[in-house]
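See below for model.tsv, which holds TSV, C-alpha atoms.
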chain	number	residue	atom	x	y	z
A	1381	GLY	CA	12.21	-5.12	16.75
A	1382	GLY	CA	9.30	-7.00	18.33
A	1383	GLU	CA	5.52	-6.75	18.27
A	1384	VAL	CA	3.22	-3.84	19.08
A	1385	ASN	CA	-0.49	-4.62	19.62
A	1386	VAL	CA	-2.90	-1.73	19.17
A	1387	GLY	CA	-6.49	-1.59	20.44
A	1388	SER	CA	-9.49	0.06	18.78
A	1389	VAL	CA	-8.56	3.74	18.73
A	1390	GLU	CA	-8.24	6.59	16.24
A	1391	PHE	CA	-4.80	8.06	15.50
A	1392	GLU	CA	-4.52	11.56	14.07
A	1393	GLU	CA	-0.71	11.35	14.09
A	1394	GLN	CA	1.41	9.91	11.31
A	1395	VAL	CA	2.80	6.45	12.06
A	1396	LYS	CA	6.40	6.17	10.87
A	1397	ILE	CA	8.28	2.90	11.34
A	1398	GLU	CA	12.06	3.17	11.42
A	1399	VAL	CA	12.79	0.03	13.47
A	1400	LYS	CA	13.53	-3.21	11.64
A	1401	ASN	CA	11.77	-6.50	12.39
A	1402	LEU	CA	8.68	-4.83	13.88
A	1403	SER	CA	5.11	-6.15	13.67
A	1404	LEU	CA	2.37	-3.56	14.18
A	1405	LYS	CA	-0.91	-5.36	14.84
A	1406	GLY	CA	-4.34	-3.80	15.07
A	1407	PRO	CA	-7.44	-5.34	16.64
A	1408	ASN	CA	-8.28	-7.02	13.32
A	1409	SER	CA	-4.94	-8.72	12.85
A	1410	GLY	CA	-5.59	-11.99	11.06
A	1411	THR	CA	-9.02	-10.94	9.73
A	1412	ALA	CA	-9.27	-10.02	6.06
A	1413	GLY	CA	-10.20	-6.45	5.20
A	1414	ASP	CA	-13.37	-7.48	3.38
A	1415	ASP	CA	-14.56	-9.81	6.16
A	1416	SER	CA	-17.08	-7.39	7.66
A	1417	ASP	CA	-18.88	-10.17	9.54
A	1418	ASN	CA	-15.86	-10.94	11.69
A	1419	ARG	CA	-13.98	-7.66	12.00
A	1420	SER	CA	-14.28	-5.90	15.36
A	1421	ASP	CA	-13.94	-2.18	16.18
A	1422	GLU	CA	-11.09	-0.72	14.16
A	1423	ALA	CA	-7.81	0.95	14.99
A	1424	THR	CA	-8.03	3.82	12.49
A	1425	LEU	CA	-5.08	5.77	11.13
A	1426	ARG	CA	-5.97	9.20	9.74
A	1427	LYS	CA	-2.47	9.78	8.38
A	1428	LYS	CA	-0.44	7.43	6.20
A	1429	GLY	CA	1.64	4.63	7.66
A	1430	ILE	CA	5.28	4.90	6.56
A	1431	VAL	CA	7.87	2.14	6.48
A	1432	ASN	CA	11.09	4.11	6.24
A	1433	ARG	CA	14.19	2.25	4.96
A	1434	VAL	CA	13.89	-0.77	7.24
A	1435	SER	CA	13.25	-4.49	6.65
A	1436	GLY	CA	11.07	-7.04	8.41
A	1437	VAL	CA	8.00	-4.85	9.01
A	1438	THR	CA	4.39	-6.05	9.18
A	1439	ILE	CA	1.27	-3.84	9.23
A	1440	ASP	CA	-1.70	-6.07	10.03
A	1441	GLY	CA	-5.33	-5.38	10.88
A	1442	PHE	CA	-5.85	-1.59	10.64
A	1443	LYS	CA	-8.18	0.83	8.94
A	1444	ILE	CA	-6.42	3.67	7.12
A	1445	ALA	CA	-8.69	6.43	5.87
A	1446	GLU	CA	-8.21	10.13	5.37
A	1447	ASP	CA	-10.29	12.56	7.40
A	1448	ASP	CA	-9.93	16.34	7.16
A	1449	THR	CA	-6.40	16.14	5.74
A	1450	PRO	CA	-6.19	14.60	2.23
A	1451	LEU	CA	-3.69	11.77	1.84
A	1452	THR	CA	-1.56	10.72	-1.13
A	1453	SER	CA	-1.32	7.10	0.05
A	1454	GLY	CA	-2.46	4.83	2.86
A	1455	VAL	CA	0.80	2.89	3.30
A	1456	SER	CA	4.10	4.22	1.98
A	1457	ILE	CA	7.15	1.92	1.79
A	1458	ARG	CA	10.38	3.86	1.25
A	1459	SER	CA	13.60	2.09	0.44
A	1460	GLY	CA	15.76	5.17	-0.15
A	1461	SER	CA	19.28	3.97	-0.85
A	1462	ASN	CA	18.74	0.74	1.12
A	1463	ASP	CA	17.84	-2.72	-0.14
A	1464	ILE	CA	14.89	-3.66	2.05
A	1465	ASP	CA	12.97	-6.94	2.31
A	1466	SER	CA	10.22	-8.82	4.13
A	1467	ILE	CA	7.59	-6.07	4.23
A	1468	THR	CA	4.04	-7.36	4.79
A	1469	VAL	CA	0.83	-5.33	4.52
A	1470	LYS	CA	-2.21	-7.49	5.25
A	1471	ASN	CA	-5.75	-7.54	6.62
A	1472	ASN	CA	-6.20	-3.77	6.34
A	1473	ILE	CA	-8.98	-1.52	5.10
A	1474	ILE	CA	-7.53	1.34	3.06
A	1475	SER	CA	-9.86	3.93	1.56
A	1476	GLY	CA	-10.47	7.51	0.57
A	1477	MET	CA	-7.12	8.84	-0.69
A	1478	SER	CA	-7.56	12.12	-2.57
A	1479	ASP	CA	-4.37	14.24	-2.37
A	1480	SER	CA	-2.31	13.96	-5.56
A	1481	ASN	CA	0.60	15.98	-4.09
A	1482	SER	CA	0.90	17.78	-7.45
A	1483	SER	CA	1.60	14.49	-9.26
A	1484	ASP	CA	-1.98	13.58	-10.30
A	1485	PHE	CA	-1.61	10.18	-8.54
A	1486	THR	CA	-3.04	8.74	-5.35
A	1487	PHE	CA	-2.31	5.28	-3.98
A	1488	GLY	CA	-3.61	2.73	-1.52
A	1489	ILE	CA	-0.22	1.05	-0.98
A	1490	LEU	CA	2.92	2.55	-2.53
A	1491	SER	CA	6.53	1.43	-2.47
A	1492	PHE	CA	9.12	3.70	-3.98
A	1493	ASP	CA	12.57	5.15	-3.90
A	1494	ASN	CA	13.96	8.08	-5.86
A	1495	PRO	CA	15.49	6.15	-8.77
A	1496	LYS	CA	17.38	9.19	-10.03
A	1497	THR	CA	19.40	9.52	-6.84
A	1498	ASN	CA	19.08	6.24	-4.91
A	1499	ALA	CA	19.56	2.57	-5.72
A	1500	GLY	CA	17.38	0.87	-3.13
A	1501	THR	CA	15.30	-2.19	-3.97
A	1502	LEU	CA	12.41	-4.11	-2.43
A	1503	SER	CA	12.20	-7.91	-2.17
A	1504	ASN	CA	10.05	-10.49	-0.39
A	1505	ALA	CA	7.11	-8.13	0.02
A	1506	THR	CA	3.60	-9.43	0.70
A	1507	VAL	CA	0.33	-7.59	0.07
A	1508	ARG	CA	-2.50	-9.86	1.17
A	1509	ASP	CA	-6.15	-9.81	2.26
A	1510	ASN	CA	-6.54	-6.02	2.14
A	1511	LYS	CA	-9.70	-4.16	1.15
A	1512	ILE	CA	-8.68	-1.12	-0.90
A	1513	SER	CA	-11.31	1.26	-2.25
A	1514	ASP	CA	-12.08	4.86	-3.23
A	1515	ILE	CA	-8.54	5.74	-4.26
A	1516	GLY	CA	-8.58	9.08	-6.09
A	1517	VAL	CA	-11.91	10.28	-4.73
A	1518	ASP	CA	-14.39	11.76	-7.24
A	1519	ASN	CA	-11.99	11.30	-10.17
A	1520	SER	CA	-9.84	14.15	-8.85
A	1521	THR	CA	-6.66	12.11	-9.39
A	1522	GLN	CA	-5.50	8.93	-11.10
A	1523	GLY	CA	-5.92	6.20	-8.51
A	1524	VAL	CA	-3.68	3.15	-8.11
A	1525	ALA	CA	-4.63	0.65	-5.42
A	1526	VAL	CA	-1.22	-1.07	-5.15
A	1527	SER	CA	1.92	0.36	-6.76
A	1528	LEU	CA	5.21	-1.45	-6.13
A	1529	GLU	CA	8.46	-0.04	-7.49
A	1530	ALA	CA	12.06	-1.23	-7.59
A	1531	LEU	CA	11.20	-4.90	-7.05
A	1532	THR	CA	14.07	-7.33	-7.33
A	1533	GLY	CA	14.44	-11.11	-7.41
A	1534	SER	CA	15.40	-13.93	-9.73
A	1535	SER	CA	11.87	-15.29	-10.20
A	1536	ALA	CA	8.20	-14.32	-9.84
A	1537	GLY	CA	7.33	-13.93	-6.20
A	1538	ASP	CA	10.85	-13.10	-5.01
A	1539	GLY	CA	10.07	-9.40	-5.22
A	1540	ALA	CA	6.45	-9.45	-4.09
A	1541	ILE	CA	3.39	-11.64	-3.75
A	1542	ILE	CA	0.06	-9.86	-4.14
A	1543	GLU	CA	-2.89	-12.07	-3.28
A	1544	ASN	CA	-6.52	-12.13	-2.15
A	1545	ASN	CA	-7.03	-8.37	-2.08
A	1546	SER	CA	-10.41	-6.77	-2.69
A	1547	ILE	CA	-9.92	-3.70	-4.90
A	1548	SER	CA	-12.74	-1.39	-5.97
A	1549	ASP	CA	-13.64	2.13	-7.09
A	1550	ILE	CA	-10.24	3.30	-8.29
A	1551	SER	CA	-10.53	6.70	-9.94
A	1552	THR	CA	-9.79	7.65	-13.52
A	1553	LEU	CA	-8.30	11.11	-14.02
A	1554	ASP	CA	-8.81	11.12	-17.78
A	1555	GLN	CA	-8.71	8.74	-20.72
A	1556	SER	CA	-4.91	8.57	-20.70
A	1557	SER	CA	-4.68	8.15	-16.91
A	1558	PRO	CA	-6.81	5.09	-16.08
A	1559	GLY	CA	-7.62	3.88	-12.60
A	1560	THR	CA	-5.39	0.88	-11.91
A	1561	GLY	CA	-5.70	-1.99	-9.45
A	1562	ILE	CA	-2.09	-3.24	-9.29
A	1563	ALA	CA	0.86	-1.48	-10.93
A	1564	LEU	CA	4.34	-2.99	-10.98
A	1565	ARG	CA	6.81	-0.24	-11.75
A	1566	PRO	CA	10.38	-1.54	-11.50
A	1567	ASN	CA	11.99	1.62	-12.82
A	1568	PHE	CA	9.30	4.23	-12.31
A	1569	GLY	CA	10.86	7.67	-12.71
A	1570	GLY	CA	13.72	6.67	-14.98
A	1571	GLY	CA	15.99	4.58	-12.77
A	1572	SER	CA	17.42	1.20	-13.72
A	1573	ASN	CA	17.29	-0.66	-10.40
A	1574	GLY	CA	14.96	-3.58	-9.77
A	1575	ASN	CA	12.85	-5.77	-12.04
A	1576	SER	CA	9.32	-7.13	-12.16
A	1577	ALA	CA	9.86	-10.06	-9.82
A	1578	ALA	CA	6.25	-10.12	-8.63
A	1579	ARG	CA	3.53	-12.75	-8.56
A	1580	VAL	CA	-0.09	-11.60	-8.73
A	1581	THR	CA	-2.52	-14.41	-7.96
A	1582	ASP	CA	-5.94	-14.95	-9.49
A	1583	ASP	CA	-7.80	-14.49	-6.19
A	1584	ASN	CA	-7.49	-10.70	-6.19
A	1585	SER	CA	-10.89	-9.17	-7.00
A	1586	PHE	CA	-11.49	-5.97	-8.98
A	1587	LYS	CA	-14.59	-3.78	-9.32
A	1588	ASN	CA	-14.89	-0.39	-11.02
A	1589	VAL	CA	-11.24	-0.46	-12.07
A	1590	ASP	CA	-10.09	0.43	-15.61
A	1591	ILE	CA	-6.97	-1.77	-15.59
A	1592	SER	CA	-6.65	-4.68	-13.17
A	1593	VAL	CA	-2.88	-5.29	-13.43
A	1594	SER	CA	-0.30	-3.11	-15.18
A	1595	HIS	CA	3.37	-4.00	-15.74
Structure translated into structure tokens:
Amino acid sequence: GGEVNVGSVEFEEQVKIEVKNLSLKGPNSGTAGDDSDNRSDEATLRKKGIVNRVSGVTIDGFKIAEDDTPLTSGVSIRSGSNDIDSITVKNNIISGMSDSNSSDFTFGILSFDNPKTNAGTLSNATVRDNKISDIGVDNSTQGVAVSLEALTGSSAGDGAIIENNSISDISTLDQSSPGTGIALRPNFGGGSNGNSAARVTDDNSFKNVDISVSH
């Protein structure tokens, strides 16, 4: 564990975190994604950031945007068969996801397991002060800005708190596949683990989104 501070640089490699209790901080750590007046030069990830089956991870102050290689998601949180907690994604700019990976979905921030084979859950997650836009570019996929699966907790907020995010231009694939700002999917894919223990605050903003919050 510990803290890694990253300067303004562009990464073409995938960033995969498999160490618990690690804070990854970009040059705009502590500055909201939509605060263009105060953000400095960005540390830009051209591949998705992956939190892989570990707890206590923070991703703070980066820009995540696809380049030549289409991306399915900007940040991917994978619980697998583990129960993971205390994952924070904040103060990031996430934009331009266009690769549906044959599923017709693209995401800004996605947490998931494979509910048909694993029983992992997610608790005490925080998604805060991110600017998420252009998910599902040109209506090529169904875009979802924030999709959190397998949340668990006894009351709202124990699973996740989603607050003060700026969400815009989330693509609609067709009339039955609307662009969605925040989707809480406790048993997405047919599993039975988790529940909707999330709290979505009123200070999230939505623009050009078909559905703001979906349970």
Give me the residues within 8 Å of range 1522-1534 of chain A as a ChimeraX atom specification, counting all atoms listed in the file and dropping any in the same chain fewer than 6 places off.
/A:1484-1493,1500-1503,1512-1513,1515-1516,1540,1547,1550-1554,1557-1568,1573-1578
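If you measure from each of A:Asp1415, A:Asp1549, A:Glu1393, A:Asp1465 to Glu1446 in chain A using all atoms listed in the file, the closest one turns out to be A:Glu1393.
The space between CA of Asn1462 in chain A and CA of Lys1405 in chain A spans 24.7 Å.
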Closest of A:Thr1521, A:Ser1592, A:Ser1459, A:Thr1506 to Arg1579 in chain A - atom-to-atom distances counting only C-alpha atoms
A:Thr1506
Would you mind telling me which residue in A:Asp1417, A:Asp1463, A:Asp1448, A:Glu1383 lies nearest to Asn1432 in chain A when using only C-alpha atoms?
A:Asp1463
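Distances to Ser1409 in chain A were evaluated for A:Val1389, A:Val1395, A:Ile1591, A:Val1469 using all atoms listed in the file, and the minimum falls at A:Val1469.
Going from CA of Ala1536 in chain A to CA of Ile1464 in chain A covers 17.3 Å.
Put simply, CA of Lys1511 in chain A is 11.7 Å away from CA of Gly1454 in chain A.
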For Val1589 in chain A, which residue out of A:Ser1520, A:Glu1422, A:Asp1538, A:Asp1514 is the nearest one, using all atoms listed in the file?
A:Asp1514
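Distances to Asp1414 in chain A were evaluated for A:Asp1509, A:Asp1590, A:Asp1447, A:Glu1543 using all atoms listed in the file, and the minimum falls at A:Asp1509.
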As a tab-separated table (two decimals) with C-alpha atoms, in the frame of the given file, please: the residues near Thr1424 in chain A (cut-off 8 Å, all atoms listed in the file, same-chain neighbours under 4 positions excluded).
chain	number	residue	atom	x	y	z
A	1388	SER	CA	-9.49	0.06	18.78
A	1389	VAL	CA	-8.56	3.74	18.73
A	1390	GLU	CA	-8.24	6.59	16.24
A	1391	PHE	CA	-4.80	8.06	15.50
A	1442	PHE	CA	-5.85	-1.59	10.64
A	1443	LYS	CA	-8.18	0.83	8.94
A	1444	ILE	CA	-6.42	3.67	7.12
A	1445	ALA	CA	-8.69	6.43	5.87
Set the distance at 9 Å and use all atoms listed in the file: which residues neighbour Asn1545 in chain A once local chain neighbours fewer than 4 positions away are removed? I'd like the list as a VMD selection string.
chain A and resid 1412 to 1414 1470 to 1471 1507 to 1512 1583 to 1586
